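See below for the structure under consideration.
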Amino acid sequence: MKKGKFKYILIAILCAVFGALGQLLFKLGAGNVSFNILSWILNFYVIAGVIFYGLATIIFILILKKADLSLLYPVVATSYIWVALMSIFILKEQLIWTNWIGFLLIIGGVSLTSIKR
């Protein structure tokens, strides 16, 4: 990995975590939305989710100026793992063993795409 690229990977991880938090907040707010626009505007979880998801997008766009998409995007793909972990701890959801194997494969793939850059 070229000198200085590691910090962009760390920022991409932050984007993944923010995006995952946004998705979790969407899930928490989903039960209280309808086709009435006020149910969206007045829903704290939905608004907070939009803010976190938006921040993740803005930060990601800014770091794209500094590093390759082929390096950053696999790191952002770890948001699937972050969502699942947050779901376990916050929503008390259960995962099966195949989920964990999938997470290991994602981590392995991200690692392979990030080495020797």
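Going by the structure tokens order, chains are called A, B, ..., each with residues numbered from 1, while ligands are numbered from 1 in the order shown.
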(request) Fewer than 5 positions away in the same chain doesn't count, so skip those; otherwise give me all residues within 12 Å of segment 49-64 of chain A, counting only C-alpha atoms, as number ranges by chain. (result) A: 5-30, 40-41, 43-44, 69-73, 75-76, 79
Same residues, N, CA and C atoms, saved as a tab-separated table (two decimals), in the first residue's frame:
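Here's the written file again.tsv:
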chain	number	residue	atom	x	y	z
A	5	LYS	N	-2.07	6.10	1.92
A	5	LYS	CA	-3.36	5.52	1.52
A	5	LYS	C	-4.09	4.90	2.71
A	6	PHE	N	-3.33	4.52	3.74
A	6	PHE	CA	-3.95	3.89	4.90
A	6	PHE	C	-4.96	4.81	5.57
A	7	LYS	N	-4.67	6.11	5.61
A	7	LYS	CA	-5.62	7.03	6.25
A	7	LYS	C	-6.92	7.10	5.47
A	8	TYR	N	-6.86	6.93	4.15
A	8	TYR	CA	-8.09	6.94	3.35
A	8	TYR	C	-8.90	5.67	3.57
A	9	ILE	N	-8.21	4.57	3.82
A	9	ILE	CA	-8.92	3.34	4.17
A	9	ILE	C	-9.63	3.51	5.51
A	10	LEU	N	-8.97	4.13	6.46
A	10	LEU	CA	-9.61	4.38	7.76
A	10	LEU	C	-10.83	5.29	7.61
A	11	ILE	N	-10.70	6.30	6.76
A	11	ILE	CA	-11.85	7.20	6.53
A	11	ILE	C	-12.97	6.44	5.84
A	12	ALA	N	-12.62	5.53	4.92
A	12	ALA	CA	-13.63	4.71	4.25
A	12	ALA	C	-14.35	3.81	5.25
A	13	ILE	N	-13.61	3.29	6.23
A	13	ILE	CA	-14.24	2.49	7.30
A	13	ILE	C	-15.23	3.36	8.06
A	14	LEU	N	-14.85	4.61	8.35
A	14	LEU	CA	-15.76	5.54	9.02
A	14	LEU	C	-17.03	5.73	8.17
A	15	CYS	N	-16.86	5.87	6.87
A	15	CYS	CA	-18.02	5.99	5.97
A	15	CYS	C	-18.91	4.77	6.08
A	16	ALA	N	-18.29	3.59	6.12
A	16	ALA	CA	-19.06	2.35	6.23
A	16	ALA	C	-19.84	2.31	7.53
A	17	VAL	N	-19.22	2.72	8.62
A	17	VAL	CA	-19.89	2.72	9.93
A	17	VAL	C	-21.02	3.74	9.94
A	18	PHE	N	-20.77	4.94	9.41
A	18	PHE	CA	-21.83	5.96	9.34
A	18	PHE	C	-23.00	5.47	8.47
A	19	GLY	N	-22.69	4.87	7.33
A	19	GLY	CA	-23.74	4.35	6.46
A	19	GLY	C	-24.54	3.25	7.15
A	20	ALA	N	-23.84	2.39	7.87
A	20	ALA	CA	-24.52	1.31	8.60
A	20	ALA	C	-25.40	1.88	9.70
A	21	LEU	N	-24.90	2.88	10.41
A	21	LEU	CA	-25.70	3.52	11.45
A	21	LEU	C	-26.94	4.17	10.84
A	22	GLY	N	-26.79	4.79	9.69
A	22	GLY	CA	-27.94	5.36	8.99
A	22	GLY	C	-28.98	4.30	8.67
A	23	GLN	N	-28.54	3.14	8.19
A	23	GLN	CA	-29.47	2.05	7.86
A	23	GLN	C	-30.16	1.52	9.11
A	24	LEU	N	-29.41	1.41	10.20
A	24	LEU	CA	-30.00	0.95	11.45
A	24	LEU	C	-31.07	1.94	11.93
A	25	LEU	N	-30.78	3.21	11.82
A	25	LEU	CA	-31.75	4.24	12.21
A	25	LEU	C	-32.99	4.19	11.31
A	26	PHE	N	-32.79	3.91	10.01
A	26	PHE	CA	-33.94	3.74	9.11
A	26	PHE	C	-34.83	2.60	9.61
A	27	LYS	N	-34.20	1.50	10.01
A	27	LYS	CA	-34.96	0.35	10.51
A	27	LYS	C	-35.75	0.73	11.76
A	28	LEU	N	-35.10	1.47	12.67
A	28	LEU	CA	-35.78	1.88	13.91
A	28	LEU	C	-36.96	2.81	13.63
A	29	GLY	N	-36.86	3.62	12.59
A	29	GLY	CA	-37.93	4.56	12.27
A	29	GLY	C	-38.98	4.02	11.32
A	30	ALA	N	-38.68	2.89	10.68
A	30	ALA	CA	-39.57	2.38	9.64
A	30	ALA	C	-40.98	2.04	10.13
A	40	TRP	N	-42.67	11.13	7.97
A	40	TRP	CA	-41.24	11.04	7.65
A	40	TRP	C	-40.47	12.21	8.26
A	41	ILE	N	-41.04	13.40	8.10
A	41	ILE	CA	-40.36	14.62	8.55
A	41	ILE	C	-40.26	14.68	10.07
A	43	ASN	N	-40.15	12.09	12.09
A	43	ASN	CA	-39.60	10.85	12.63
A	43	ASN	C	-38.11	11.03	12.93
A	44	PHE	N	-37.77	11.10	14.21
A	44	PHE	CA	-36.39	11.33	14.63
A	44	PHE	C	-35.43	10.31	14.01
A	69	LEU	N	-11.16	4.44	-6.43
A	69	LEU	CA	-12.44	3.83	-6.13
A	69	LEU	C	-12.26	2.33	-5.89
A	70	SER	N	-11.38	1.70	-6.67
A	70	SER	CA	-11.16	0.26	-6.53
A	70	SER	C	-10.53	-0.11	-5.19
A	71	LEU	N	-9.93	0.85	-4.52
A	71	LEU	CA	-9.39	0.63	-3.18
A	71	LEU	C	-10.45	0.91	-2.12
A	72	LEU	N	-11.18	2.00	-2.29
A	72	LEU	CA	-12.11	2.45	-1.26
A	72	LEU	C	-13.43	1.69	-1.24
A	73	TYR	N	-13.97	1.35	-2.40
A	73	TYR	CA	-15.30	0.76	-2.43
A	73	TYR	C	-15.39	-0.58	-1.70
A	75	VAL	N	-13.82	-1.43	0.88
A	75	VAL	CA	-13.82	-1.10	2.31
A	75	VAL	C	-15.21	-0.62	2.74
A	76	VAL	N	-15.84	0.19	1.91
A	76	VAL	CA	-17.18	0.67	2.21
A	76	VAL	C	-18.18	-0.49	2.20
A	79	SER	N	-19.88	-2.23	5.20
A	79	SER	CA	-21.07	-1.73	5.90
A	79	SER	C	-22.06	-2.87	6.16
(message) Report, in Å to a single decimal, how far apart atom CA of Ala84 of chain A and atom CA of Phe35 of chain A are.
(response)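 For atom CA of Phe35 of chain A relative to atom CA of Ala84 of chain A, the distance reads 27.9 Å.
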(request) Have a look at atom CA of Tyr45 of chain A and atom CA of Gly31 of chain A and let me know their distance in Å, one decimal. (result) 10.2 Å
(message) For a test of reading the model, state the distance in Å between atom CA of Trp82 of chain A and atom CA of Ile37 of chain A, rounded to one decimal.
(response)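 The value is 29.3 Å.
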